[in-house]
file my_file_0.csv (CSV, C-alpha atoms)
chain,number,residue,atom,x,y,z
A,1,MET,CA,-22.8,-3.2,11.4
A,2,SER,CA,-21.0,0.1,11.6
A,3,GLU,CA,-21.1,3.7,12.9
A,4,PRO,CA,-22.5,6.3,10.3
A,5,VAL,CA,-19.0,7.6,9.6
A,6,ASP,CA,-16.4,5.0,10.2
A,7,PRO,CA,-12.8,6.1,9.9
A,8,LEU,CA,-11.6,2.5,9.8
A,9,ARG,CA,-13.7,1.6,6.8
A,10,HIS,CA,-13.0,4.9,5.2
A,11,CYS,CA,-9.2,4.2,5.5
A,12,VAL,CA,-9.6,0.7,4.1
A,13,ALA,CA,-11.6,2.1,1.1
A,14,GLN,CA,-9.1,4.8,0.5
A,15,LEU,CA,-6.1,2.5,0.6
A,16,ALA,CA,-7.9,0.1,-1.7
A,17,ARG,CA,-7.8,2.8,-4.4
A,18,LEU,CA,-4.0,2.2,-4.7
A,19,PRO,CA,-3.1,0.0,-7.7
A,20,GLY,CA,-2.5,-3.6,-6.7
A,21,ILE,CA,-4.0,-3.1,-3.2
A,22,GLY,CA,-7.2,-5.0,-2.7
A,23,ASP,CA,-9.8,-4.8,0.1
A,24,ARG,CA,-8.1,-7.4,2.1
A,25,THR,CA,-4.6,-5.9,1.9
A,26,ALA,CA,-6.1,-2.5,2.6
A,27,ALA,CA,-7.7,-3.9,5.7
A,28,ARG,CA,-4.4,-5.4,6.8
A,29,LEU,CA,-2.6,-2.1,6.3
A,30,THR,CA,-5.3,-0.3,8.2
A,31,TYR,CA,-5.2,-2.6,11.2
A,32,TRP,CA,-1.4,-2.4,11.1
A,33,LEU,CA,-1.6,1.4,11.3
A,34,LEU,CA,-3.9,1.1,14.2
A,35,ARG,CA,-1.4,-0.9,16.1
A,36,GLN,CA,1.5,1.6,15.6
A,37,ASP,CA,2.1,4.9,17.4
A,38,PRO,CA,-0.2,7.6,15.9
A,39,GLU,CA,3.0,9.4,14.6
A,40,VAL,CA,3.5,6.5,12.1
A,41,ALA,CA,0.2,7.2,10.4
A,42,ASP,CA,0.8,10.9,10.6
A,43,GLU,CA,4.2,10.6,8.9
A,44,ILE,CA,3.0,8.4,6.1
A,45,ALA,CA,-0.1,10.6,5.5
A,46,GLY,CA,2.1,13.7,5.6
A,47,ALA,CA,4.5,12.2,3.0
A,48,ILE,CA,1.6,11.3,0.7
A,49,ALA,CA,-0.1,14.7,1.1
A,50,SER,CA,3.1,16.7,0.5
A,51,LEU,CA,3.9,14.7,-2.6
A,52,ALA,CA,1.3,16.3,-4.8
A,53,ARG,CA,1.7,19.7,-3.2
A,54,SER,CA,5.5,19.9,-3.6
A,55,MET,CA,6.0,18.2,-6.9
A,56,VAL,CA,5.6,20.0,-10.2
A,57,ARG,CA,6.1,19.2,-13.8
A,58,CYS,CA,9.3,20.6,-15.3
A,59,SER,CA,8.1,22.8,-18.2
A,60,VAL,CA,11.1,21.8,-20.2
A,61,CYS,CA,11.5,18.0,-19.9
A,62,CYS,CA,8.1,17.2,-18.3
A,63,ASP,CA,9.7,15.2,-15.5
A,64,VAL,CA,8.2,15.4,-12.0
A,65,ALA,CA,10.5,17.7,-9.8
A,66,THR,CA,10.5,20.1,-6.9
A,67,THR,CA,11.6,23.0,-9.1
A,68,ASN,CA,10.7,24.3,-12.5
A,69,PRO,CA,12.9,24.0,-14.5
A,70,CYS,CA,14.1,20.9,-12.8
A,71,ARG,CA,17.6,20.3,-11.5
A,72,ARG,CA,18.7,18.4,-14.6
A,73,CYS,CA,17.3,21.0,-17.1
A,74,ALA,CA,19.0,23.7,-15.1
A,75,ASP,CA,22.4,21.9,-15.0
A,76,PRO,CA,24.8,23.6,-17.6
A,77,ALA,CA,27.2,20.6,-17.4
A,78,ARG,CA,24.7,18.4,-19.3
A,79,ASP,CA,25.1,17.9,-23.1
A,80,GLY,CA,22.2,19.8,-24.7
A,81,ALA,CA,22.9,18.2,-28.1
A,82,VAL,CA,21.3,14.8,-27.1
A,83,VAL,CA,17.8,14.4,-25.7
A,84,CYS,CA,16.8,11.0,-24.3
A,85,VAL,CA,13.1,10.4,-24.6
A,86,VAL,CA,11.5,8.1,-22.0
A,87,GLU,CA,8.0,6.9,-21.2
A,88,ARG,CA,8.0,7.5,-17.5
A,89,PRO,CA,9.8,9.7,-14.9
A,90,GLN,CA,11.2,6.6,-13.2
A,91,ASP,CA,12.9,5.5,-16.4
A,92,ILE,CA,15.2,8.5,-16.1
A,93,VAL,CA,16.6,7.0,-12.9
A,94,ALA,CA,17.4,3.8,-14.8
A,95,ILE,CA,19.3,5.7,-17.4
A,96,GLU,CA,21.1,7.9,-14.9
A,97,ASN,CA,22.2,4.9,-12.8
A,98,SER,CA,23.8,3.2,-15.8
A,99,GLY,CA,26.3,6.1,-16.0
A,100,GLY,CA,26.2,5.9,-19.8
A,101,PHE,CA,24.4,9.1,-20.6
A,102,ARG,CA,25.1,12.8,-19.8
A,103,GLY,CA,22.6,14.5,-22.1
A,104,ARG,CA,19.1,15.8,-21.4
A,105,PHE,CA,15.8,14.0,-20.9
A,106,HIS,CA,12.2,14.2,-22.0
A,107,VAL,CA,9.3,12.4,-20.4
A,108,LEU,CA,6.5,11.4,-22.7
A,109,ASP,CA,4.2,10.3,-19.9
A,110,GLY,CA,3.3,7.1,-21.5
A,111,ALA,CA,3.4,5.4,-24.9
A,112,ILE,CA,1.0,5.3,-27.9
A,113,SER,CA,-1.4,2.5,-27.1
A,114,PRO,CA,-4.5,2.1,-29.3
A,115,LEU,CA,-5.9,-0.6,-27.1
A,116,ASP,CA,-5.8,1.7,-24.0
A,117,GLY,CA,-7.1,4.6,-26.1
A,118,ILE,CA,-3.8,6.5,-25.8
A,119,GLY,CA,-2.9,8.4,-29.0
A,120,PRO,CA,0.0,10.9,-29.7
A,121,ASP,CA,-2.1,13.8,-28.4
A,122,GLN,CA,-2.2,12.3,-24.9
A,123,LEU,CA,1.6,12.3,-24.8
A,124,ARG,CA,4.0,15.2,-24.3
A,125,ILE,CA,5.1,15.2,-27.9
A,126,ARG,CA,4.3,18.9,-28.5
A,127,GLU,CA,6.6,19.8,-25.7
A,128,LEU,CA,9.3,17.6,-27.2
A,129,LEU,CA,9.0,19.1,-30.7
A,130,ALA,CA,9.3,22.6,-29.1
A,131,ARG,CA,12.7,21.7,-27.7
A,132,LEU,CA,14.1,20.5,-31.0
A,133,GLU,CA,14.3,24.0,-32.4
A,134,GLY,CA,17.6,24.8,-30.7
A,135,GLU,CA,21.0,23.0,-30.3
A,136,VAL,CA,19.6,19.4,-30.4
A,137,ALA,CA,21.5,17.2,-32.8
A,138,GLU,CA,20.3,13.8,-31.6
A,139,VAL,CA,17.1,12.3,-30.1
A,140,LEU,CA,17.7,9.0,-28.3
A,141,LEU,CA,14.4,7.1,-28.1
A,142,ALA,CA,14.4,5.0,-24.8
A,143,THR,CA,10.8,3.9,-24.9
A,144,ASP,CA,10.2,0.3,-23.7
A,145,PRO,CA,11.0,-2.6,-26.1
A,146,ASP,CA,7.4,-3.7,-26.4
A,147,VAL,CA,4.6,-3.1,-28.9
A,148,ASP,CA,3.6,0.3,-27.5
A,149,GLY,CA,7.1,1.5,-27.0
A,150,ASP,CA,8.2,0.4,-30.5
A,151,ALA,CA,5.2,2.0,-32.1
A,152,THR,CA,5.9,5.2,-30.2
A,153,ALA,CA,9.6,5.2,-31.3
A,154,LEU,CA,8.6,4.7,-34.9
A,155,TYR,CA,6.0,7.5,-34.7
A,156,LEU,CA,8.6,9.9,-33.2
A,157,ALA,CA,11.3,8.9,-35.7
A,158,ARG,CA,9.0,9.7,-38.6
A,159,LEU,CA,8.2,13.0,-37.0
A,160,ILE,CA,11.7,14.1,-36.1
A,161,LYS,CA,14.0,12.8,-38.9
A,162,PRO,CA,12.5,15.2,-41.4
A,163,LEU,CA,13.8,18.0,-39.1
A,164,GLY,CA,17.4,16.9,-40.0
A,165,ILE,CA,18.0,15.6,-36.5
A,166,ARG,CA,19.6,12.2,-35.9
A,167,VAL,CA,17.2,9.8,-34.3
A,168,THR,CA,18.5,6.8,-32.4
A,169,ARG,CA,17.0,4.0,-30.4
A,170,LEU,CA,18.3,2.2,-27.3
A,171,ALA,CA,20.0,-1.1,-28.5
A,172,HIS,CA,18.1,-4.2,-27.5
A,173,GLY,CA,20.6,-5.1,-24.9
A,174,ILE,CA,17.5,-4.9,-22.7
A,175,SER,CA,15.7,-8.2,-23.1
A,176,VAL,CA,12.4,-7.8,-24.9
A,177,GLY,CA,9.4,-7.8,-22.6
A,178,THR,CA,11.3,-6.3,-19.7
A,179,GLU,CA,10.3,-2.8,-18.7
A,180,LEU,CA,13.1,-0.3,-18.6
A,181,GLU,CA,12.4,0.6,-15.0
A,182,TYR,CA,13.4,-2.9,-14.0
A,183,ALA,CA,16.4,-3.5,-16.3
A,184,ASP,CA,19.9,-4.0,-14.6
A,185,ARG,CA,22.2,-1.1,-15.0
A,186,SER,CA,24.9,-2.8,-17.2
A,187,SER,CA,22.2,-3.9,-19.7
A,188,VAL,CA,21.0,-0.3,-19.8
A,189,ALA,CA,24.6,1.0,-20.3
A,190,ARG,CA,25.1,-1.4,-23.2
A,191,ALA,CA,21.8,-0.4,-24.7
A,192,ILE,CA,23.0,3.2,-24.7
A,193,GLU,CA,26.3,2.3,-26.2
A,194,HIS,CA,24.7,0.2,-29.0
A,195,ARG,CA,22.0,2.7,-29.9
A,196,ARG,CA,21.2,2.5,-33.6
A,197,ASP,CA,20.1,5.0,-36.2
A,198,MET,CA,16.4,4.8,-37.3
B,1,MET,CA,21.3,12.4,-7.8
B,2,SER,CA,18.6,14.1,-5.8
B,3,GLU,CA,17.5,17.5,-4.3
B,4,PRO,CA,18.4,17.9,-0.6
B,5,VAL,CA,14.7,17.3,0.5
B,6,ASP,CA,13.0,15.1,-2.1
B,7,PRO,CA,9.2,14.6,-1.4
B,8,LEU,CA,9.2,11.8,-4.0
B,9,ARG,CA,11.9,9.7,-2.2
B,10,HIS,CA,10.3,10.6,1.1
B,11,CYS,CA,7.0,9.3,0.0
B,12,VAL,CA,8.6,6.1,-1.3
B,13,ALA,CA,10.4,5.6,2.0
B,14,GLN,CA,7.2,6.2,4.1
B,15,LEU,CA,5.1,3.9,2.0
B,16,ALA,CA,7.8,1.2,2.3
B,17,ARG,CA,7.2,1.2,6.1
B,18,LEU,CA,3.8,-0.5,5.5
B,19,PRO,CA,4.0,-4.3,6.0
B,20,GLY,CA,4.3,-6.2,2.7
B,21,ILE,CA,5.2,-3.1,0.7
B,22,GLY,CA,8.8,-3.1,-0.5
B,23,ASP,CA,10.8,-0.3,-2.1
B,24,ARG,CA,9.7,-1.2,-5.6
B,25,THR,CA,6.0,-1.3,-4.8
B,26,ALA,CA,6.3,1.9,-2.8
B,27,ALA,CA,7.9,3.6,-5.9
B,28,ARG,CA,5.1,2.3,-8.1
B,29,LEU,CA,2.4,3.6,-5.7
B,30,THR,CA,4.2,7.0,-5.5
B,31,TYR,CA,4.4,7.4,-9.2
B,32,TRP,CA,0.8,6.3,-9.5
B,33,LEU,CA,-0.1,9.0,-7.0
B,34,LEU,CA,1.8,11.6,-9.0
B,35,ARG,CA,-0.2,10.7,-12.1
B,36,GLN,CA,-3.6,11.2,-10.3
B,37,ASP,CA,-5.4,14.5,-9.5
B,38,PRO,CA,-3.9,16.0,-6.3
B,39,GLU,CA,-7.2,15.3,-4.5
B,40,VAL,CA,-6.6,11.6,-4.7
B,41,ALA,CA,-3.4,11.8,-2.6
B,42,ASP,CA,-5.1,14.3,-0.3
B,43,GLU,CA,-8.1,12.0,0.3
B,44,ILE,CA,-5.9,8.9,0.9
B,45,ALA,CA,-3.6,10.9,3.2
B,46,GLY,CA,-6.6,12.4,5.0
B,47,ALA,CA,-8.1,8.9,5.7
B,48,ILE,CA,-4.8,7.6,7.1
B,49,ALA,CA,-4.2,10.7,9.2
B,50,SER,CA,-7.8,10.7,10.7
B,51,LEU,CA,-7.6,7.0,11.4
B,52,ALA,CA,-5.3,7.3,14.4
B,53,ARG,CA,-6.9,10.6,15.6
B,54,SER,CA,-10.5,9.3,15.5
B,55,MET,CA,-10.2,5.7,16.7
B,56,VAL,CA,-10.0,4.9,20.4
B,57,ARG,CA,-9.8,1.7,22.4
B,58,CYS,CA,-13.1,0.7,24.0
B,59,SER,CA,-12.3,0.5,27.7
B,60,VAL,CA,-14.6,-2.4,28.1
B,61,CYS,CA,-13.9,-4.8,25.3
B,62,CYS,CA,-10.6,-3.2,24.0
B,63,ASP,CA,-11.9,-3.1,20.4
B,64,VAL,CA,-10.9,-0.2,18.2
B,65,ALA,CA,-13.9,2.1,17.9
B,66,THR,CA,-15.0,5.7,17.4
B,67,THR,CA,-16.7,5.9,20.8
B,68,ASN,CA,-15.9,4.7,24.3
B,69,PRO,CA,-17.6,2.5,25.3
B,70,CYS,CA,-18.0,1.2,21.8
B,71,ARG,CA,-21.3,0.7,20.0
B,72,ARG,CA,-21.4,-3.1,20.8
B,73,CYS,CA,-20.6,-2.6,24.5
B,74,ALA,CA,-23.3,0.1,24.7
B,75,ASP,CA,-25.9,-2.1,23.0
B,76,PRO,CA,-28.4,-3.4,25.6
B,77,ALA,CA,-29.8,-6.0,23.2
B,78,ARG,CA,-26.6,-8.0,23.4
B,79,ASP,CA,-26.4,-11.0,25.7
B,80,GLY,CA,-24.0,-10.0,28.5
B,81,ALA,CA,-23.8,-13.6,29.8
B,82,VAL,CA,-21.5,-14.7,27.0
B,83,VAL,CA,-18.2,-13.0,26.2
B,84,CYS,CA,-16.4,-14.1,23.0
B,85,VAL,CA,-12.6,-13.6,23.3
B,86,VAL,CA,-10.7,-12.9,20.0
B,87,GLU,CA,-7.1,-12.1,19.2
B,88,ARG,CA,-7.7,-9.1,16.9
B,89,PRO,CA,-10.4,-6.5,16.2
B,90,GLN,CA,-10.9,-7.8,12.7
B,91,ASP,CA,-11.8,-11.2,14.1
B,92,ILE,CA,-15.0,-9.7,15.6
B,93,VAL,CA,-16.2,-8.9,12.0
B,94,ALA,CA,-15.8,-12.6,11.1
B,95,ILE,CA,-17.8,-13.7,14.1
B,96,GLU,CA,-20.5,-11.0,13.5
B,97,ASN,CA,-20.8,-11.9,9.8
B,98,SER,CA,-21.5,-15.5,10.6
B,99,GLY,CA,-24.7,-14.4,12.4
B,100,GLY,CA,-24.1,-17.2,15.0
B,101,PHE,CA,-23.3,-15.0,18.0
B,102,ARG,CA,-25.2,-12.2,19.8
B,103,GLY,CA,-23.1,-11.9,23.0
B,104,ARG,CA,-20.3,-9.6,23.8
B,105,PHE,CA,-16.7,-9.5,22.7
B,106,HIS,CA,-13.2,-9.0,24.2
B,107,VAL,CA,-10.1,-8.3,22.1
B,108,LEU,CA,-6.9,-9.7,23.5
B,109,ASP,CA,-4.7,-7.8,21.1
B,110,GLY,CA,-2.6,-10.9,20.1
B,111,ALA,CA,-1.9,-14.3,21.4
B,112,ILE,CA,0.7,-15.8,23.8
B,113,SER,CA,3.8,-16.4,21.7
B,114,PRO,CA,7.1,-17.2,23.5
B,115,LEU,CA,9.0,-17.1,20.2
B,116,ASP,CA,7.8,-13.5,19.6
B,117,GLY,CA,8.4,-12.6,23.2
B,118,ILE,CA,4.7,-12.1,23.8
B,119,GLY,CA,3.6,-13.2,27.3
B,120,PRO,CA,0.2,-12.9,29.1
B,121,ASP,CA,1.2,-9.5,30.4
B,122,GLN,CA,1.3,-8.0,26.9
B,123,LEU,CA,-2.3,-9.1,26.2
B,124,ARG,CA,-5.5,-7.5,27.6
B,125,ILE,CA,-6.2,-10.3,30.0
B,126,ARG,CA,-6.4,-8.0,33.0
B,127,GLU,CA,-9.2,-6.2,31.3
B,128,LEU,CA,-11.0,-9.5,30.5
B,129,LEU,CA,-10.8,-10.7,34.2
B,130,ALA,CA,-12.2,-7.4,35.4
B,131,ARG,CA,-15.3,-8.0,33.2
B,132,LEU,CA,-15.9,-11.5,34.7
B,133,GLU,CA,-17.0,-10.2,38.1
B,134,GLY,CA,-20.6,-9.5,36.8
B,135,GLU,CA,-23.2,-11.4,34.9
B,136,VAL,CA,-20.8,-13.4,32.7
B,137,ALA,CA,-21.7,-17.1,32.7
B,138,GLU,CA,-19.7,-18.2,29.7
B,139,VAL,CA,-16.4,-17.3,28.0
B,140,LEU,CA,-16.2,-18.4,24.4
B,141,LEU,CA,-12.5,-18.6,23.4
B,142,ALA,CA,-12.2,-17.7,19.6
B,143,THR,CA,-8.4,-17.5,19.4
B,144,ASP,CA,-6.9,-18.9,16.2
B,145,PRO,CA,-6.5,-22.7,15.9
B,146,ASP,CA,-2.7,-22.6,15.8
B,147,VAL,CA,0.0,-23.1,18.4
B,148,ASP,CA,-0.2,-19.6,19.8
B,149,GLY,CA,-4.0,-19.4,19.8
B,150,ASP,CA,-4.3,-22.9,21.4
B,151,ALA,CA,-1.8,-22.0,24.1
B,152,THR,CA,-3.6,-18.8,24.8
B,153,ALA,CA,-7.0,-20.6,25.1
B,154,LEU,CA,-5.5,-23.1,27.5
B,155,TYR,CA,-3.9,-20.4,29.6
B,156,LEU,CA,-7.2,-18.5,29.8
B,157,ALA,CA,-9.3,-21.7,30.5
B,158,ARG,CA,-7.0,-22.4,33.5
B,159,LEU,CA,-7.5,-18.9,34.7
B,160,ILE,CA,-11.2,-18.6,34.2
B,161,LYS,CA,-12.6,-22.0,35.1
B,162,PRO,CA,-11.7,-21.7,38.8
B,163,LEU,CA,-14.0,-18.7,38.9
B,164,GLY,CA,-17.0,-21.0,38.3
B,165,ILE,CA,-17.5,-19.7,34.7
B,166,ARG,CA,-18.1,-22.0,31.8
B,167,VAL,CA,-15.2,-21.8,29.3
B,168,THR,CA,-15.8,-22.9,25.7
B,169,ARG,CA,-13.7,-23.0,22.6
B,170,LEU,CA,-14.8,-22.5,19.0
B,171,ALA,CA,-15.2,-25.9,17.4
B,172,HIS,CA,-12.6,-26.9,14.8
B,173,GLY,CA,-14.9,-26.4,11.9
B,174,ILE,CA,-12.3,-23.9,11.0
B,175,SER,CA,-9.5,-25.8,9.2
B,176,VAL,CA,-6.3,-25.8,11.3
B,177,GLY,CA,-3.7,-23.3,9.9
B,178,THR,CA,-6.3,-20.9,8.7
B,179,GLU,CA,-6.5,-17.6,10.5
B,180,LEU,CA,-9.9,-16.7,11.8
B,181,GLU,CA,-9.9,-13.4,9.9
B,182,TYR,CA,-9.9,-15.3,6.6
B,183,ALA,CA,-12.3,-18.2,7.4
B,184,ASP,CA,-15.6,-18.3,5.4
B,185,ARG,CA,-18.7,-17.4,7.3
B,186,SER,CA,-20.4,-20.8,7.3
B,187,SER,CA,-17.3,-22.4,8.8
B,188,VAL,CA,-17.3,-19.7,11.4
B,189,ALA,CA,-21.0,-20.3,12.1
B,190,ARG,CA,-20.4,-24.0,12.5
B,191,ALA,CA,-17.5,-23.5,14.8
B,192,ILE,CA,-19.7,-21.3,17.0
B,193,GLU,CA,-22.4,-24.0,17.0
B,194,HIS,CA,-20.0,-26.8,17.9
B,195,ARG,CA,-18.1,-24.9,20.6
B,196,ARG,CA,-16.9,-27.4,23.3
B,197,ASP,CA,-16.3,-27.2,27.0
B,198,MET,CA,-12.6,-27.0,28.2

call {"tool": "encode", "arguments": {"input": "my_file_0.csv", "output": "structure tokens"}}
result
Amino acid sequence: MSEPVDPLRHCVAQLARLPGIGDRTAARLTYWLLRQDPEVADEIAGAIASLARSMVRCSVCCDVATTNPCRRCADPARDGAVVCVVERPQDIVAIENSGGFRGRFHVLDGAISPLDGIGPDQLRIRELLARLEGEVAEVLLATDPDVDGDATALYLARLIKPLGIRVTRLAHGISVGTELEYADRSSVARAIEHRRDM
Amino acid sequence: MSEPVDPLRHCVAQLARLPGIGDRTAARLTYWLLRQDPEVADEIAGAIASLARSMVRCSVCCDVATTNPCRRCADPARDGAVVCVVERPQDIVAIENSGGFRGRFHVLDGAISPLDGIGPDQLRIRELLARLEGEVAEVLLATDPDVDGDATALYLARLIKPLGIRVTRLAHGISVGTELEYADRSSVARAIEHRRDM
């Protein structure tokens, strides 16, 4: 049915690797690309290729960034006494957009999830503990309000409170079951305002 | 909020150009790419970039292909007496998979659609007429069974029948409203078997 090396089928197969993109959608996207000027495919491909090359992990907060340390970690105007712990890099954007927080961040890169085989060792908890030896007076846990996020918060609270550091959790102004990434900014702001001791 | 040149936002913006991919989905895909090995992004980007570079239009049938003329047009085993006219390259796959056709193809690159501002001049009708000066005895119209596809078939029938060539249309074994690309292969096979004169 096909030439030995078929760039069309290859493109369909590669696009179908993306999460939520099935074979049919991948084929639609491929044929759409074929109908555009070649520059469109080049620009999209260039953006994807440069993503991995130009983004690094900040060695302080573990966020994805273009510099190490990242812009936020290098910003002296931020309050170093409070560290907000999130599951994913995109959660930082939700917190920042709320305008309710001017401290520092730490990205765990997931949550403890026994069902998915993710334990504490797979998360960036070692990097978090290394940061707590300085000026940090409070750790604000902003993991998702679901089973995994709650379990992770509990695990971290038990680990950090013995160090004499205040551990707080985002208030459940965010409706249970909603992922932080998709919460509206006023709910996020209220959740920061109503954070509670653990 | 962001570095002057932010490859992450750039990637989100580029992915959001794809049809059916909104800003949120583009962000999800981008963060997913960041969590993979860099090779994954490189492979996907490479497949997209090589697509436009390596695919050409067959100057005979107007299909997208890696060679010109394409593999099907260069195949002497195919029956040159019947040309099947389709709207899109991917429609050829549906016809081929049905196993009901061993003639040649022609891709119109769309259908007449006054609402979308697409007239006969935007379709590859000139290329089709140029092919009819040889051995062609029948033109099988396989445009979609919708308003645009029917209008296109009618237009072509009026153009081609005066040339003394038999003009047929895929039977409506394909349910009205379904696009050819998504029809199951036995319906497509029946539609080929029941094609009718126009």

call {"tool": "closest_residue", "arguments": {"input": "my_file_0.csv", "among": "B:Gly134, B:Pro89, B:Pro162, B:Gly80", "to": "Val64 (chain B)", "atoms": "all atoms listed in the file"}}
result
B:Pro89

call {"tool": "atom_distance", "arguments": {"input": "my_file_0.csv", "atom1": "CA of Ala74 (chain B)", "atom2": "CA of Arg102 (chain B)"}}
result
13.4 Å

call {"tool": "residues_around", "arguments": {"input": "my_file_0.csv", "residues": "region 97-100 of chain A", "least_positions_apart": "6", "cutoff": "12 Å", "atoms": "all atoms listed in the file", "output": "list in words"}}
result
Cys84, Gln90, Asp91, Leu170, Leu180, Glu181, Tyr182, Ala183, Asp184, Arg185, Ser186, Ser187, Val188, Ala189, Arg190, Ala191, Ile192, Glu193, His194 and Arg195 of chain A; Met1 of chain B

call {"tool": "write_last_selection", "arguments": {"input": "my_file_0.csv", "atoms": "C-alpha atoms", "output": "short mmCIF file (atom, residue, chain, number, x, y, z; two decimals), in the coordinates of the input"}}
result
data_model
loop_
_atom_site.label_atom_id
_atom_site.label_comp_id
_atom_site.auth_asym_id
_atom_site.auth_seq_id
_atom_site.Cartn_x
_atom_site.Cartn_y
_atom_site.Cartn_z
CA CYS A 84 16.80 11.00 -24.30
CA GLN A 90 11.20 6.60 -13.20
CA ASP A 91 12.90 5.50 -16.40
CA LEU A 170 18.30 2.20 -27.30
CA LEU A 180 13.10 -0.30 -18.60
CA GLU A 181 12.40 0.60 -15.00
CA TYR A 182 13.40 -2.90 -14.00
CA ALA A 183 16.40 -3.50 -16.30
CA ASP A 184 19.90 -4.00 -14.60
CA ARG A 185 22.20 -1.10 -15.00
CA SER A 186 24.90 -2.80 -17.20
CA SER A 187 22.20 -3.90 -19.70
CA VAL A 188 21.00 -0.30 -19.80
CA ALA A 189 24.60 1.00 -20.30
CA ARG A 190 25.10 -1.40 -23.20
CA ALA A 191 21.80 -0.40 -24.70
CA ILE A 192 23.00 3.20 -24.70
CA GLU A 193 26.30 2.30 -26.20
CA HIS A 194 24.70 0.20 -29.00
CA ARG A 195 22.00 2.70 -29.90
CA MET B 1 21.30 12.40 -7.80
#

call {"tool": "atom_distance", "arguments": {"input": "my_file_0.csv", "atom1": "CA of His10 (chain A)", "atom2": "CA of Glu127 (chain B)"}}
result
28.6 Å

call {"tool": "closest_atom_pairs", "arguments": {"input": "my_file_0.csv", "of": "chain A", "to": "chain B", "cutoff": "9 Å", "atoms": "all atoms listed in the file", "output": "CSV"}}
result
residue,atom,partner,partner_atom,distance
A:Met1,CA,B:Glu96,CA,8.4
A:Ser2,CA,B:Arg71,CA,8.4
A:Glu3,CA,B:Arg71,CA,7.7
A:Val5,CA,B:Thr66,CA,9.0
A:Asp6,CA,B:Thr66,CA,7.4
A:Pro7,CA,B:Leu51,CA,5.5
A:Leu8,CA,B:Leu51,CA,6.2
A:His10,CA,B:Ala47,CA,6.3
A:Cys11,CA,B:Ala47,CA,4.8
A:Val12,CA,B:Ala47,CA,8.5
A:Ala13,CA,B:Ile44,CA,8.9
A:Gln14,CA,B:Ile44,CA,5.2
A:Leu15,CA,B:Ile44,CA,6.4
A:Arg17,CA,B:Ile44,CA,8.3
A:Leu18,CA,B:Leu29,CA,6.6
A:Pro19,CA,B:Leu29,CA,6.9
A:Gly20,CA,B:Leu29,CA,8.8
A:Thr25,CA,B:Gly20,CA,8.9
A:Ala27,CA,B:Gln90,CA,8.6
A:Arg28,CA,B:Pro19,CA,8.5
A:Leu29,CA,B:Leu18,CA,6.6
A:Thr30,CA,B:Ile48,CA,8.0
A:Tyr31,CA,B:Gln90,CA,7.9
A:Trp32,CA,B:Pro19,CA,7.7
A:Leu33,CA,B:Ala52,CA,7.6
A:Leu34,CA,B:Ala52,CA,6.4
A:Gln36,CA,B:Ala52,CA,9.0
A:Asp37,CA,B:Ala52,CA,8.3
A:Pro38,CA,B:Ala52,CA,5.3
A:Glu39,CA,B:Ala52,CA,8.6
A:Val40,CA,B:Gln14,CA,8.8
A:Ala41,CA,B:Ala49,CA,5.7
A:Asp42,CA,B:Ala49,CA,5.2
A:Glu43,CA,B:Gln14,CA,7.2
A:Ile44,CA,B:Gln14,CA,5.1
A:Ala45,CA,B:Ala45,CA,4.2
A:Gly46,CA,B:Ala45,CA,6.8
A:Ala47,CA,B:Cys11,CA,4.9
A:Ile48,CA,B:Ala45,CA,5.8
A:Ala49,CA,B:Asp42,CA,5.2
A:Ser50,CA,B:Pro7,CA,6.7
A:Leu51,CA,B:Pro7,CA,5.4
A:Ala52,CA,B:Pro38,CA,5.4
A:Arg53,CA,B:Pro38,CA,7.4
A:Ser54,CA,B:Pro7,CA,6.8
A:Met55,CA,B:Pro7,CA,7.3
A:Val64,CA,B:Leu34,CA,8.0
A:Ala65,CA,B:Leu8,CA,8.4
A:Thr66,CA,B:Asp6,CA,7.4
A:Arg71,CA,B:Glu3,CA,7.7
A:Pro89,CA,B:Tyr31,CA,8.2
A:Gln90,CA,B:Tyr31,CA,7.9
A:Val93,CA,B:Met1,CA,8.8
A:Glu96,CA,B:Met1,CA,8.4
A:Asp109,CA,B:Arg35,CA,9.0

call {"tool": "closest_residue", "arguments": {"input": "my_file_0.csv", "among": "B:Asp63, B:Asp121, B:Glu135, B:Asp116", "to": "Ala81 (chain B)", "atoms": "only C-alpha atoms"}}
result
B:Glu135

call {"tool": "residues_around", "arguments": {"input": "my_file_0.csv", "residues": "Ile112 (chain A)", "least_positions_apart": "4", "cutoff": "10 Å", "atoms": "all atoms listed in the file", "output": "MDAnalysis selection string"}}
result
chainID A and resid 87 108 116:123 147:153 155

call {"tool": "residues_near_point", "arguments": {"input": "my_file_0.csv", "point": "(-16.4, -12.1, 22.8)", "cutoff": "8 Å", "atoms": "all atoms listed in the file", "output": "list in words"}}
result
Val82, Val83, Cys84, Val85, Val86, Ile92, Gly103, Arg104, Phe105, His106, Val107, Val139, Leu140, Leu141 and Ala142 of chain B

call {"tool": "write_last_selection", "arguments": {"input": "my_file_0.csv", "atoms": "C-alpha atoms", "output": "short mmCIF file (atom, residue, chain, number, x, y, z; two decimals), keeping the file's coordinate frame"}}
result
data_model
loop_
_atom_site.label_atom_id
_atom_site.label_comp_id
_atom_site.auth_asym_id
_atom_site.auth_seq_id
_atom_site.Cartn_x
_atom_site.Cartn_y
_atom_site.Cartn_z
CA VAL B 82 -21.50 -14.70 27.00
CA VAL B 83 -18.20 -13.00 26.20
CA CYS B 84 -16.40 -14.10 23.00
CA VAL B 85 -12.60 -13.60 23.30
CA VAL B 86 -10.70 -12.90 20.00
CA ILE B 92 -15.00 -9.70 15.60
CA GLY B 103 -23.10 -11.90 23.00
CA ARG B 104 -20.30 -9.60 23.80
CA PHE B 105 -16.70 -9.50 22.70
CA HIS B 106 -13.20 -9.00 24.20
CA VAL B 107 -10.10 -8.30 22.10
CA VAL B 139 -16.40 -17.30 28.00
CA LEU B 140 -16.20 -18.40 24.40
CA LEU B 141 -12.50 -18.60 23.40
CA ALA B 142 -12.20 -17.70 19.60
#
